[in-house]
$ cat data.txt   # compact mmCIF, C-alpha atoms
# COMPACT_ATOMS: atom_id res chain seq x y z
CA MET A 675 -27.75 17.13 18.60
CA ASN A 676 -24.24 15.75 18.39
CA LEU A 677 -22.85 13.80 15.47
CA ASN A 678 -23.07 10.47 17.30
CA ASP A 679 -26.79 10.98 17.88
CA GLN A 680 -27.24 11.89 14.24
CA GLN A 681 -25.42 8.79 13.13
CA GLU A 682 -27.52 6.55 15.37
CA LEU A 683 -30.72 7.87 13.78
CA ILE A 684 -29.28 7.60 10.29
CA GLU A 685 -28.33 3.98 10.93
CA LEU A 686 -31.81 3.21 12.22
CA ALA A 687 -33.43 4.94 9.26
CA ARG A 688 -31.31 2.90 6.88
CA GLU A 689 -33.04 -0.23 8.18
CA CYS A 690 -36.54 1.28 8.19
CA THR A 691 -39.21 1.35 5.52
CA TRP A 692 -42.40 3.40 5.51
CA LYS A 693 -44.12 0.43 7.19
CA THR A 694 -41.56 0.17 10.02
CA GLN A 695 -41.30 3.89 10.64
CA ASP A 696 -42.55 3.53 14.22
CA ARG A 697 -39.15 2.19 15.26
CA LEU A 698 -37.58 5.47 14.27
CA ARG A 699 -40.30 7.49 15.99
CA GLN A 700 -39.60 5.75 19.30
CA GLU A 701 -35.93 6.70 19.15
CA GLU A 702 -36.77 10.27 18.19
CA HIS A 703 -38.89 10.95 21.27
CA ALA A 704 -35.81 11.49 23.43
CA PHE A 705 -34.61 14.20 21.07
CA ILE A 706 -38.04 15.76 20.76
CA ASP A 707 -38.22 16.09 24.55
CA ASN A 708 -35.06 18.17 24.42
CA ALA A 709 -36.35 20.24 21.49
CA CYS A 710 -33.22 19.42 19.51
CA VAL A 711 -32.88 20.26 15.85
CA PHE A 712 -31.28 17.85 13.43
CA VAL A 713 -28.42 19.50 11.55
CA GLN A 714 -25.83 18.27 9.08
CA SER A 715 -23.20 20.05 7.04
CA THR A 716 -24.05 18.41 3.72
CA TYR A 717 -26.99 16.62 2.17
CA THR A 718 -25.61 13.10 2.00
CA ASP A 719 -27.75 10.28 0.70
CA ASP A 720 -27.93 8.80 4.20
CA PHE A 721 -29.06 12.12 5.65
CA LYS A 722 -31.76 12.45 3.02
CA ARG A 723 -32.90 8.93 3.87
CA TYR A 724 -33.27 9.94 7.49
CA LEU A 725 -35.20 13.13 6.67
CA ALA A 726 -37.56 11.21 4.39
CA LEU A 727 -38.59 8.95 7.28
CA GLY A 728 -37.77 11.07 10.32
CA SER A 729 -39.62 13.92 11.95
CA ILE A 730 -37.20 16.11 13.85
CA PRO A 731 -37.16 19.71 12.60
CA HIS A 732 -33.93 20.54 10.87
CA ILE A 733 -31.69 23.19 9.38
CA VAL A 734 -28.97 22.31 6.92
CA ASP A 735 -25.93 24.54 7.09
CA MET A 736 -22.18 24.22 6.69
CA ASP A 737 -21.79 25.81 10.12
CA LEU A 738 -23.28 23.24 12.51
CA ASP A 739 -23.05 25.49 15.58
CA LEU A 740 -24.88 28.32 13.82
CA ALA A 741 -27.58 26.00 12.53
CA GLU A 742 -28.05 24.41 15.95
CA GLN A 743 -28.37 27.80 17.65
CA GLU A 744 -30.87 29.09 15.10
CA GLY A 745 -32.86 25.89 15.34
CA ARG A 746 -33.05 25.95 19.11
CA GLU A 747 -34.16 29.57 19.12
CA LYS A 748 -36.93 28.93 16.62
CA LEU A 749 -38.13 25.76 18.31
CA GLN A 750 -38.22 27.50 21.68
CA ILE A 751 -40.76 29.88 20.18
CA LEU A 752 -42.65 27.40 18.02
CA TRP A 753 -42.96 24.58 20.53
CA LYS A 754 -42.81 26.20 23.95
CA GLN A 755 -43.56 29.91 23.96
CA SER A 756 -46.40 29.35 21.48
CA GLY A 757 -48.24 27.12 23.95
CA MET A 758 -47.64 23.80 22.19
CA PHE A 759 -46.71 21.95 25.37
CA GLU A 760 -49.76 23.21 27.22
CA LEU A 761 -51.85 21.25 24.72
CA LEU A 762 -50.84 18.07 26.55
CA TYR A 763 -53.18 19.13 29.32
CA ASP A 764 -56.01 20.52 27.23
CA ARG A 765 -58.96 18.28 28.04
CA SER A 766 -61.47 20.35 26.13
CA PRO A 767 -64.41 18.32 24.83
CA LEU A 768 -63.78 20.05 21.50
CA PHE A 769 -60.75 17.79 20.93
CA ALA A 770 -59.80 14.14 21.26
CA GLY A 771 -56.18 14.51 22.30
CA ARG A 772 -53.08 13.44 20.38
CA PRO A 773 -51.12 16.72 20.53
CA THR A 774 -49.06 17.01 17.37
CA LEU A 775 -45.91 19.03 16.81
CA PRO A 776 -45.26 20.84 13.51
CA ILE A 777 -42.08 19.66 11.78
CA GLY A 778 -39.87 20.26 8.77
CA ASN A 779 -37.22 22.66 7.53
CA LEU A 780 -36.94 25.67 9.81
CA ARG A 781 -35.86 27.72 6.77
CA ALA A 782 -38.62 26.35 4.55
CA SER A 783 -39.89 28.09 1.43
CA PHE A 784 -43.17 26.17 1.56
CA LEU A 785 -45.53 25.88 4.53
CA ILE A 786 -47.94 22.97 4.15
CA ILE A 787 -51.11 23.08 6.22
CA GLY A 788 -53.54 20.29 7.06
CA ASP A 789 -56.69 20.52 9.16
CA ALA A 790 -56.10 18.53 12.38
CA PRO A 791 -54.11 15.38 13.15
CA GLY A 792 -56.03 12.16 12.66
CA GLN A 793 -57.48 10.71 15.84
CA GLY A 794 -55.92 7.32 15.21
CA LYS A 795 -55.99 4.86 18.10
CA LEU A 796 -54.92 7.43 20.70
CA VAL A 797 -58.33 8.67 21.81
CA PRO A 798 -57.47 10.05 25.30
CA ILE A 799 -54.92 12.72 26.09
CA HIS A 800 -51.54 11.00 26.39
CA ASN A 801 -48.07 11.99 27.50
CA GLU A 802 -46.31 12.13 24.16
CA PHE A 803 -46.42 14.34 21.09
CA ASP A 804 -46.82 12.95 17.63
CA ARG A 805 -45.58 14.90 14.63
CA THR A 806 -47.55 16.52 11.83
CA LEU A 807 -48.07 14.62 8.56
CA ALA A 808 -45.48 12.00 9.48
CA TYR A 809 -47.42 8.74 9.84
CA GLY A 810 -50.22 6.89 8.10
CA PRO A 811 -51.18 6.34 4.45
CA SER A 812 -52.13 9.96 3.67
CA SER A 813 -48.97 11.35 5.23
CA HIS A 814 -46.84 8.84 3.39
CA MET A 815 -48.56 9.73 0.14
CA LEU A 816 -47.78 13.41 0.69
CA ARG A 817 -44.17 12.81 1.68
CA LYS A 818 -43.49 10.52 -1.27
CA ALA A 819 -45.14 13.02 -3.63
CA LEU A 820 -42.98 15.87 -2.34
CA LEU A 821 -39.88 13.71 -2.56
CA SER A 822 -40.72 12.89 -6.17
CA ASN A 823 -41.15 16.53 -7.21
CA GLY A 824 -38.11 17.82 -5.31
CA LEU A 825 -39.96 19.99 -2.77
CA TYR A 826 -39.87 17.81 0.33
CA TYR A 827 -36.69 19.13 1.96
CA ASP A 828 -37.90 22.72 1.63
CA CYS A 829 -41.21 22.29 3.48
CA TRP A 830 -42.57 22.96 6.95
CA PHE A 831 -45.60 20.84 7.92
CA THR A 832 -48.31 22.04 10.29
CA ASN A 833 -52.05 21.94 11.01
CA LEU A 834 -54.78 24.47 11.68
CA CYS A 835 -55.45 22.58 14.92
CA LYS A 836 -52.72 20.84 16.89
CA LEU A 837 -55.08 18.35 18.59
CA SER A 838 -57.18 15.70 16.88
CA ILE A 839 -60.96 16.04 16.61
CA ARG A 840 -63.36 13.31 17.61
CA GLU A 841 -64.28 10.96 14.77
CA ASN A 842 -61.88 12.96 12.57
CA ALA A 843 -64.54 15.57 11.93
CA PRO A 844 -63.54 18.73 10.04
CA SER A 845 -62.46 21.55 12.33
CA ASN A 846 -64.87 24.38 13.07
CA ALA A 847 -64.19 28.06 13.64
CA GLU A 848 -64.23 27.70 17.44
CA GLN A 849 -61.63 24.93 17.37
CA ARG A 850 -59.39 26.79 14.93
CA ALA A 851 -59.56 29.98 17.00
CA LEU A 852 -58.18 28.13 20.05
CA HIS A 853 -55.01 27.22 18.12
CA LYS A 854 -54.66 30.25 15.86
CA SER A 855 -52.00 31.91 18.03
CA ILE A 856 -49.67 28.97 17.40
CA LEU A 857 -50.12 29.21 13.64
CA ASP A 858 -49.59 32.97 13.91
CA GLN A 859 -46.19 32.29 15.46
CA GLU A 860 -45.25 29.83 12.71
CA LEU A 861 -46.13 32.25 9.93
CA ALA A 862 -44.33 35.16 11.57
CA LEU A 863 -41.19 33.22 12.40
CA LEU A 864 -40.78 31.09 9.27
CA VAL A 865 -42.04 33.66 6.71
CA PRO A 866 -42.65 31.06 3.97
CA GLU A 867 -42.62 32.15 0.34
CA ARG A 868 -45.71 30.06 -0.44
CA ILE A 869 -48.42 28.34 1.59
CA ILE A 870 -49.94 25.07 0.41
CA THR A 871 -53.35 24.15 1.83
CA LEU A 872 -54.47 20.52 1.74
CA GLY A 873 -58.05 20.34 0.51
CA THR A 874 -60.93 22.79 0.12
CA HIS A 875 -61.91 22.87 3.80
CA VAL A 876 -58.42 23.86 4.95
CA HIS A 877 -58.05 26.36 2.11
CA GLU A 878 -61.29 28.16 2.86
CA ALA A 879 -60.60 28.17 6.61
CA PHE A 880 -57.11 29.55 6.11
CA ILE A 881 -58.02 32.37 3.73
CA ALA A 882 -60.83 33.37 6.09
CA MET A 883 -58.16 34.04 8.74
CA TYR A 884 -55.21 35.32 6.70
CA ASP A 885 -54.25 37.20 3.56
CA ALA A 886 -54.81 34.86 0.64
CA ARG A 887 -51.77 35.92 -1.39
CA TYR A 888 -49.26 33.18 -2.11
CA VAL A 889 -51.73 30.51 -0.92
CA PHE A 890 -52.19 27.48 -3.17
CA LYS A 891 -54.83 24.79 -2.73
CA VAL A 892 -54.01 21.17 -3.63
CA PRO A 893 -56.16 18.06 -3.18
CA HIS A 894 -55.77 16.38 0.19
CA PRO A 895 -53.38 13.39 0.13
CA ALA A 896 -56.22 11.23 1.50
CA TRP A 897 -58.01 11.82 -1.81
CA ALA A 898 -54.89 10.89 -3.76
CA HIS A 899 -54.53 7.72 -1.70
CA ARG A 900 -58.22 6.85 -1.98
CA THR A 901 -58.23 7.24 -5.77
CA ASN A 902 -55.08 5.10 -6.14
CA MET A 903 -53.08 7.98 -7.57
CA THR A 904 -49.35 7.36 -7.63
CA PRO A 905 -47.17 9.60 -5.45
CA GLN A 906 -45.41 10.75 -8.63
CA ALA A 907 -48.69 11.85 -10.24
CA TYR A 908 -49.78 13.59 -7.04
CA GLY A 909 -46.40 15.29 -6.78
CA GLN A 910 -46.68 16.52 -10.34
CA MET A 911 -50.17 17.88 -9.59
CA ILE A 912 -48.82 19.81 -6.60
CA LYS A 913 -46.00 21.29 -8.66
CA GLU A 914 -48.38 22.31 -11.45
CA ARG A 915 -50.68 24.09 -8.94
CA LEU A 916 -47.70 26.07 -7.66
CA HIS A 917 -46.83 27.24 -11.18
CA ALA A 918 -50.36 27.79 -12.46
$ encode --input "data.txt" --output "structure tokens"
Amino acid sequence: MNLNDQQELIELARECTWKTQDRLRQEEHAFIDNACVFVQSTYTDDFKRYLALGSIPHIVDMDLDLAEQEGREKLQILWKQSGMFELLYDRSPLFAGRPTLPIGNLRASFLIIGDAPGQGKLVPIHNEFDRTLAYGPSSHMLRKALLSNGLYYDCWFTNLCKLSIRENAPSNAEQRALHKSILDQELALLVPERIITLGTHVHEAFIAMYDARYVFKVPHPAWAHRTNMTPQAYGQMIKERLHA
């Protein structure tokens, strides 16, 4: 992504709030289609503002060309070779559509895993990807919490299943098995230092499939939102779990 494209998104993000985030998402789709990674030489306040609201995977590096090359190579594996794009055409009755791309820092120390994307209003298969843990009250709670505790910019966000499940039911073993190869690729390529599972269901499902070392369970952000917890309190809880 060239500097002019970056600046356009930064300018748009400057005008956005969490409630008007859809405007930014619409502009991002063009870049998502090209599997571009957002890079910048320094963490300016404007760039941080964009990352807080945006959802294009990124690498921050003083060498923009190097960061762009690394990002493209990783995204080629994570989004294309892994089978992500084939999910657009998966009409399995086990899922309700809404294919959702994992996002975040491609050099992340923390990999955050949810269950499946919420079904939302997009019940049928459609011709666009959404992005993981980017929209809606629970996602906003999680993002704000991670911003408050200083972890946000060092996280990669993904799900056990990359398609939503009808009526937002918890995933089952059959559904998770269909998408496990994609998660395998993420874990092998990103090699996170720690894995954060959102809620008991996700935690138990994950440790049933993988080595449980360096895996930390935190309450799901939907619980934090439902109990009127502040993002700061939820962020502090996450940080305490990581250092317990």
$ residues_near_point --input "data.txt" --point "(-54.5, 7.2, -4.4)" --cutoff "12 Å" --atoms "only C-alpha atoms" --output "list in words"
Pro811, Ser812, Ser813, His814, Met815, Leu816, Lys818, Ala819, Pro893, His894, Pro895, Ala896, Trp897, Ala898, His899, Arg900, Thr901, Asn902, Met903, Thr904, Pro905, Gln906, Ala907, Tyr908 and Gly909 of chain A
$ closest_residue --input "data.txt" --among "A:Leu916, A:Val892, A:Ala879, A:Leu807" --to "A:Leu775" --atoms "only C-alpha atoms"
A:Leu807
$ atom_distance --input "data.txt" --atom1 "atom CA of A:Arg723" --atom2 "atom CA of A:Gly824"
13.8 Å
$ closest_residue --input "data.txt" --among "A:Leu686, A:Ala918, A:Cys829, A:Ile856" --to "A:Ser756" --atoms "only C-alpha atoms"
A:Ile856
$ residues_around --input "data.txt" --residues "A:Lys836" --least-positions-apart "5" --cutoff "8 Å" --atoms "all atoms listed in the file" --output "ChimeraX atom specification"
/A:758,761,773-775,790-791,853
$ residues_around --input "data.txt" --residues "A:Thr716" --least-positions-apart "6" --cutoff "8 Å" --atoms "all atoms listed in the file" --output "ChimeraX atom specification"
/A:734-736
$ write_last_selection --input "data.txt" --atoms "C-alpha atoms" --output "PDB file, in the coordinates of the input"
ATOM      1  CA  VAL A 734     -28.970  22.310   6.920  1.00  0.00           C
ATOM      2  CA  ASP A 735     -25.930  24.540   7.090  1.00  0.00           C
ATOM      3  CA  MET A 736     -22.180  24.220   6.690  1.00  0.00           C
TER       4      MET A 736
END
$ closest_residue --input "data.txt" --among "A:Val876, A:Ile870, A:Cys710, A:Leu834" --to "A:Glu744" --atoms "all atoms listed in the file"
A:Cys710
$ axis_aligned_box --input "data.txt" --around "stretch 896-901 of chain A" --padding-each-side "3 Å" --output "AutoDock Vina command-line options"
--center_x -56.4 --center_y 9.3 --center_z -2.1 --size_x 9.7 --size_y 11.0 --size_z 13.3
$ atom_distance --input "data.txt" --atom1 "atom CA of A:Lys748" --atom2 "atom CA of A:Ile912"
27.6 Å
$ atom_distance --input "data.txt" --atom1 "atom CA of A:Asn823" --atom2 "atom CA of A:Pro866"
18.4 Å
$ closest_residue --input "data.txt" --among "A:Leu837, A:His877, A:Asp719, A:His732" --to "A:Phe759" --atoms "only C-alpha atoms"
A:Leu837
$ residues_around --input "data.txt" --residues "A:Phe712" --least-positions-apart "4" --cutoff "7 Å" --atoms "only C-alpha atoms" --output "list of chain:residue names"
A:Met675, A:Ile730, A:Pro731, A:His732, A:Ile733
$ closest_residue --input "data.txt" --among "A:Arg805, A:Pro767, A:Ser729, A:Gly810" --to "A:Lys693" --atoms "only C-alpha atoms"
A:Gly810
$ closest_residue --input "data.txt" --among "A:Tyr724, A:Phe831, A:Tyr888, A:Phe803" --to "A:Arg781" --atoms "all atoms listed in the file"
A:Phe831
